[in-house]
$ cat target05.txt   # compact mmCIF, C-alpha atoms
# COMPACT_ATOMS: atom_id res chain seq x y z
CA MET E 1 48.66 9.64 75.43
CA ASP E 2 48.25 13.07 73.94
CA GLU E 3 46.12 13.86 70.87
CA ALA E 4 49.04 13.40 68.43
CA GLU E 5 49.91 9.97 69.86
CA LEU E 6 46.27 8.91 69.72
CA ARG E 7 46.00 9.99 66.07
CA ARG E 8 49.11 7.98 65.21
CA ALA E 9 47.44 5.05 66.96
CA GLY E 10 44.43 5.61 64.70
CA ILE E 11 41.98 6.70 67.38
CA PRO E 12 41.65 10.44 68.00
CA ALA E 13 40.79 11.60 71.50
CA SER E 14 37.55 13.11 70.20
CA ALA E 15 36.43 9.63 69.10
CA HIS E 16 37.15 8.21 72.57
CA LYS E 17 35.09 10.98 74.17
CA GLU E 18 32.27 10.53 71.66
CA ARG E 19 32.10 6.80 72.35
CA ALA E 20 32.25 7.38 76.12
CA SER E 21 29.24 9.71 75.89
CA TYR E 22 27.31 7.22 73.77
CA PHE E 23 28.05 4.25 76.03
CA THR E 24 27.26 6.27 79.16
CA LEU E 25 23.92 7.23 77.60
CA ALA E 26 23.27 3.58 76.74
CA LEU E 27 23.96 2.46 80.32
CA LEU E 28 21.70 5.17 81.74
CA ALA E 29 18.91 4.31 79.28
CA ASN E 30 19.23 0.64 80.18
CA SER E 31 19.01 1.53 83.88
CA ALA E 32 15.79 3.40 83.09
CA SER E 33 14.36 0.30 81.30
CA CYS E 34 14.77 2.04 77.95
CA GLN E 35 16.79 1.36 74.84
CA LEU E 36 18.61 3.36 72.23
CA GLN E 37 17.16 3.44 68.73
CA ASP E 38 18.94 4.47 65.54
CA PRO E 39 22.36 4.80 67.13
CA HIS E 40 25.29 6.24 65.23
CA LEU E 41 23.12 8.56 63.14
CA ASP E 42 23.58 12.28 63.12
CA TYR E 43 20.73 13.56 60.98
CA ASP E 44 19.14 16.90 61.77
CA CYS E 45 21.68 17.41 64.60
CA LEU E 46 20.45 14.30 66.41
CA ASP E 47 22.66 11.39 67.41
CA VAL E 48 20.26 8.87 68.94
CA THR E 49 16.69 8.30 70.16
CA VAL E 50 15.88 7.00 73.64
CA LEU E 51 12.87 4.69 73.41
CA GLY E 52 10.77 3.64 76.37
CA SER E 53 8.31 0.81 76.70
CA GLY E 54 5.65 -0.08 79.17
CA PRO E 55 1.96 0.31 79.91
CA PHE E 56 1.58 3.92 78.77
CA PRO E 57 -1.52 5.37 77.09
CA LEU E 58 0.69 6.32 74.13
CA ARG E 59 2.80 3.69 72.37
CA GLY E 60 6.56 4.11 72.08
CA PRO E 61 7.39 7.17 74.19
CA ARG E 62 10.73 8.58 73.08
CA PHE E 63 13.01 11.57 72.89
CA ASP E 64 15.91 12.52 70.64
CA VAL E 65 19.40 13.33 71.89
CA GLN E 66 22.24 15.42 70.53
CA LEU E 67 25.33 14.18 72.38
CA LYS E 68 28.45 16.19 73.12
CA SER E 69 31.52 15.30 75.14
CA THR E 70 34.39 17.50 76.23
CA SER E 71 37.30 17.73 78.61
CA SER E 72 38.12 21.29 77.64
CA GLU E 73 37.40 24.09 80.09
CA HIS E 74 37.13 26.34 77.04
CA THR E 75 34.33 24.25 75.50
CA ALA E 76 32.28 23.64 78.66
CA ARG E 77 32.94 26.78 80.66
CA LEU E 78 32.30 26.57 84.40
CA LEU E 79 30.22 29.55 85.53
CA LYS E 80 30.49 31.20 88.95
CA ASN E 81 27.19 29.64 90.10
CA GLY E 82 28.39 26.09 89.28
CA ASP E 83 26.50 25.80 85.99
CA TYR E 84 28.30 25.30 82.67
CA ALA E 85 28.02 27.13 79.36
CA ILE E 86 28.66 25.63 75.94
CA THR E 87 28.65 27.43 72.61
CA LEU E 88 27.12 25.84 69.51
CA PRO E 89 27.38 26.98 65.88
CA ALA E 90 24.27 28.98 64.94
CA ALA E 91 23.02 26.39 62.44
CA GLN E 92 23.19 23.58 65.00
CA TYR E 93 21.67 25.75 67.74
CA GLN E 94 18.75 26.76 65.49
CA GLU E 95 18.18 23.21 64.20
CA LEU E 96 18.03 21.79 67.72
CA ARG E 97 15.54 24.41 68.92
CA ARG E 98 13.26 23.90 65.91
CA PRO E 99 10.01 22.24 67.10
CA GLY E 100 9.51 18.59 66.24
CA TYR E 101 7.12 15.72 66.87
CA VAL E 102 9.53 14.22 69.37
CA PRO E 103 11.17 16.26 72.13
CA ALA E 104 14.92 16.71 71.96
CA ARG E 105 17.63 17.16 74.55
CA LEU E 106 21.20 18.36 74.28
CA VAL E 107 23.20 16.03 76.54
CA VAL E 108 26.82 16.89 77.35
CA LEU E 109 29.33 14.62 79.05
CA ILE E 110 31.74 16.96 80.83
CA LEU E 111 34.97 15.16 81.69
CA PRO E 112 37.79 16.41 83.91
CA THR E 113 40.02 18.96 82.18
CA GLY E 114 42.59 17.43 79.87
CA VAL E 115 41.19 13.88 79.78
CA ASP E 116 41.86 12.46 76.29
CA VAL E 117 40.74 8.89 76.92
CA PRO E 118 37.93 8.58 79.49
CA GLN E 119 38.76 5.84 81.98
CA VAL E 120 36.34 3.60 83.85
CA ARG E 121 37.66 2.35 87.17
CA SER E 122 36.39 0.06 89.88
CA GLU E 123 35.75 1.80 93.17
CA ASP E 124 34.06 0.21 96.17
CA GLY E 125 32.41 -2.44 94.00
CA ARG E 126 31.15 0.09 91.45
CA LEU E 127 32.27 1.15 88.02
CA VAL E 128 33.04 4.86 87.93
CA LEU E 129 33.59 7.27 85.03
CA ASP E 130 34.77 10.70 86.16
CA GLY E 131 32.67 13.54 84.88
CA ILE E 132 29.04 14.54 84.74
CA MET E 133 26.29 14.43 82.12
CA LEU E 134 24.06 17.49 81.97
CA TRP E 135 21.04 18.19 79.76
CA SER E 136 19.25 21.16 78.28
CA ASP E 137 15.89 21.38 76.52
CA PRO E 138 16.34 23.20 73.18
CA GLY E 139 12.64 24.08 73.25
CA THR E 140 13.43 26.60 75.99
CA TRP E 141 16.31 28.34 74.17
CA GLU E 142 15.92 31.89 72.89
CA ALA E 143 16.01 32.49 69.14
CA LEU E 144 19.27 33.93 67.84
CA PRO E 145 19.29 37.38 66.27
CA PRO E 146 19.81 37.35 62.48
CA GLY E 147 23.48 37.09 61.56
CA GLN E 148 24.66 35.76 64.91
CA GLN E 149 27.27 33.03 64.34
CA SER E 150 26.74 30.99 67.53
CA GLY E 151 24.44 30.40 70.45
CA THR E 152 25.35 29.81 74.08
CA VAL E 153 23.54 27.14 76.06
CA VAL E 154 23.62 27.13 79.86
CA LEU E 155 23.76 23.64 81.31
CA LYS E 156 22.32 23.95 84.79
CA ARG E 157 24.15 21.90 87.40
CA GLU E 158 20.83 20.59 88.75
CA ASN E 159 19.94 19.21 85.28
CA GLU E 160 22.01 16.07 85.69
CA PHE E 161 21.19 13.47 83.04
CA THR E 162 20.37 10.36 85.08
CA ALA E 163 18.34 7.18 84.78
CA GLU E 164 15.70 8.81 86.98
CA TYR E 165 15.47 11.80 84.62
CA ILE E 166 15.09 9.44 81.62
CA ARG E 167 12.32 7.50 83.39
CA ASP E 168 10.50 10.73 84.28
CA LEU E 169 10.70 12.13 80.73
CA ILE E 170 9.56 8.83 79.19
CA LYS E 171 6.64 8.72 81.62
CA ILE E 172 5.61 12.27 80.68
CA GLU E 173 5.81 11.42 76.97
CA GLY E 174 4.04 8.07 77.40
CA ASN E 175 1.19 9.77 79.22
CA GLY E 176 0.74 12.31 76.43
CA GLY E 177 2.72 15.19 77.92
CA GLY E 178 5.65 16.96 76.40
CA ARG E 179 5.34 19.29 73.47

$ encode --input "target05.txt" --output "structure tokens"
Amino acid sequence: MDEAELRRAGIPASAHKERASYFTLALLANSASCQLQDPHLDYDCLDVTVLGSGPFPLRGPRFDVQLKSTSSEHTARLLKNGDYAITLPAAQYQELRRPGYVPARLVVLILPTGVDVPQVRSEDGRLVLDGIMLWSDPGTWEALPPGQQSGTVVLKRENEFTAEYIRDLIKIEGNGGGR
């Protein structure tokens, strides 16, 4: 189905992609023995909080996530070195990079070009969703010059958002690390 057919059906492609990114995040968090807190909120440019548990010196280690999902090569631009670049409106870019009590990550589900409805398929006894989730730490982004209308974020190919990455970040936070 193309975008127009999906809209007539009542479900725009962007909603399918948004849900796919959320459910993929939920599965990864679950695999890391974490849970999602405050889902479906988008306050202060944040969609959800990943909450860990366990025997950490600090109670309730967590981090906030701004989720994006795209199948457009114009939105997530593949760079020559294999990384991706995504452009955010200046207000969102600045809000995400503003320091907070809880660390934040921009997490982007990059689907194959032209995919309107992400499909999960069974392959060799596994469930597979084509695409990749990459992350970036807004605390490392450069400030935008006054008057600039957007900010570009490079999503490094090695920064794959995985259950192992979630476990590692929760461990750092639970042991008092982070910012």

$ residues_around --input "target05.txt" --residues "Gln92 (chain E)" --least-positions-apart "2" --cutoff "10 Å" --atoms "all atoms listed in the file" --output "count of residues only"
14

$ residues_around --input "target05.txt" --residues "region 26-39 of chain E" --least-positions-apart "6" --cutoff "8 Å" --atoms "all atoms listed in the file" --output "PyMOL selection string"
chain E and resi 47-53+162-164+166-167

$ closest_residue --input "target05.txt" --among "E:Lys171, E:Glu73, E:Thr24, E:Gly10" --to "Leu129 (chain E)" --atoms "all atoms listed in the file"
E:Thr24

$ closest_residue --input "target05.txt" --among "E:Ser21, E:Thr87, E:Thr152, E:Asn81" --to "Asp130 (chain E)" --atoms "all atoms listed in the file"
E:Ser21

$ residues_near_point --input "target05.txt" --point "(13.7, 12.1, 74.0)" --cutoff "7 Å" --atoms "all atoms listed in the file" --output "PyMOL selection string"
chain E and resi 49-50+62-65+102-105

$ atom_distance --input "target05.txt" --atom1 "CA of Ser71 (chain E)" --atom2 "CA of Val120 (chain E)"
15.1 Å

$ atom_distance --input "target05.txt" --atom1 "CA of Ala91 (chain E)" --atom2 "CA of Lys17 (chain E)"
22.8 Å

$ closest_residue --input "target05.txt" --among "E:Tyr84, E:Phe56, E:Trp135, E:Tyr22" --to "Asn159 (chain E)" --atoms "all atoms listed in the file"
E:Trp135

$ closest_residue --input "target05.txt" --among "E:Leu155, E:Leu169, E:Met133, E:Ala15" --to "Ala85 (chain E)" --atoms "only C-alpha atoms"
E:Leu155

$ atom_distance --input "target05.txt" --atom1 "CA of Gly139 (chain E)" --atom2 "CA of Glu18 (chain E)"
23.9 Å

$ closest_residue --input "target05.txt" --among "E:Ser14, E:Thr75, E:Ser136, E:Gln149" --to "Tyr165 (chain E)" --atoms "all atoms listed in the file"
E:Ser136

$ axis_aligned_box --input "target05.txt" --around "region 153-161 of chain E" --padding-each-side "6 Å" --output "JSON"
{"center_x": 22.0, "center_y": 20.3, "center_z": 82.4, "size_x": 16.2, "size_y": 25.7, "size_z": 24.7}

$ closest_residue --input "target05.txt" --among "E:Pro57, E:Gly176, E:Pro145, E:Pro138" --to "Pro99 (chain E)" --atoms "all atoms listed in the file"
E:Pro138
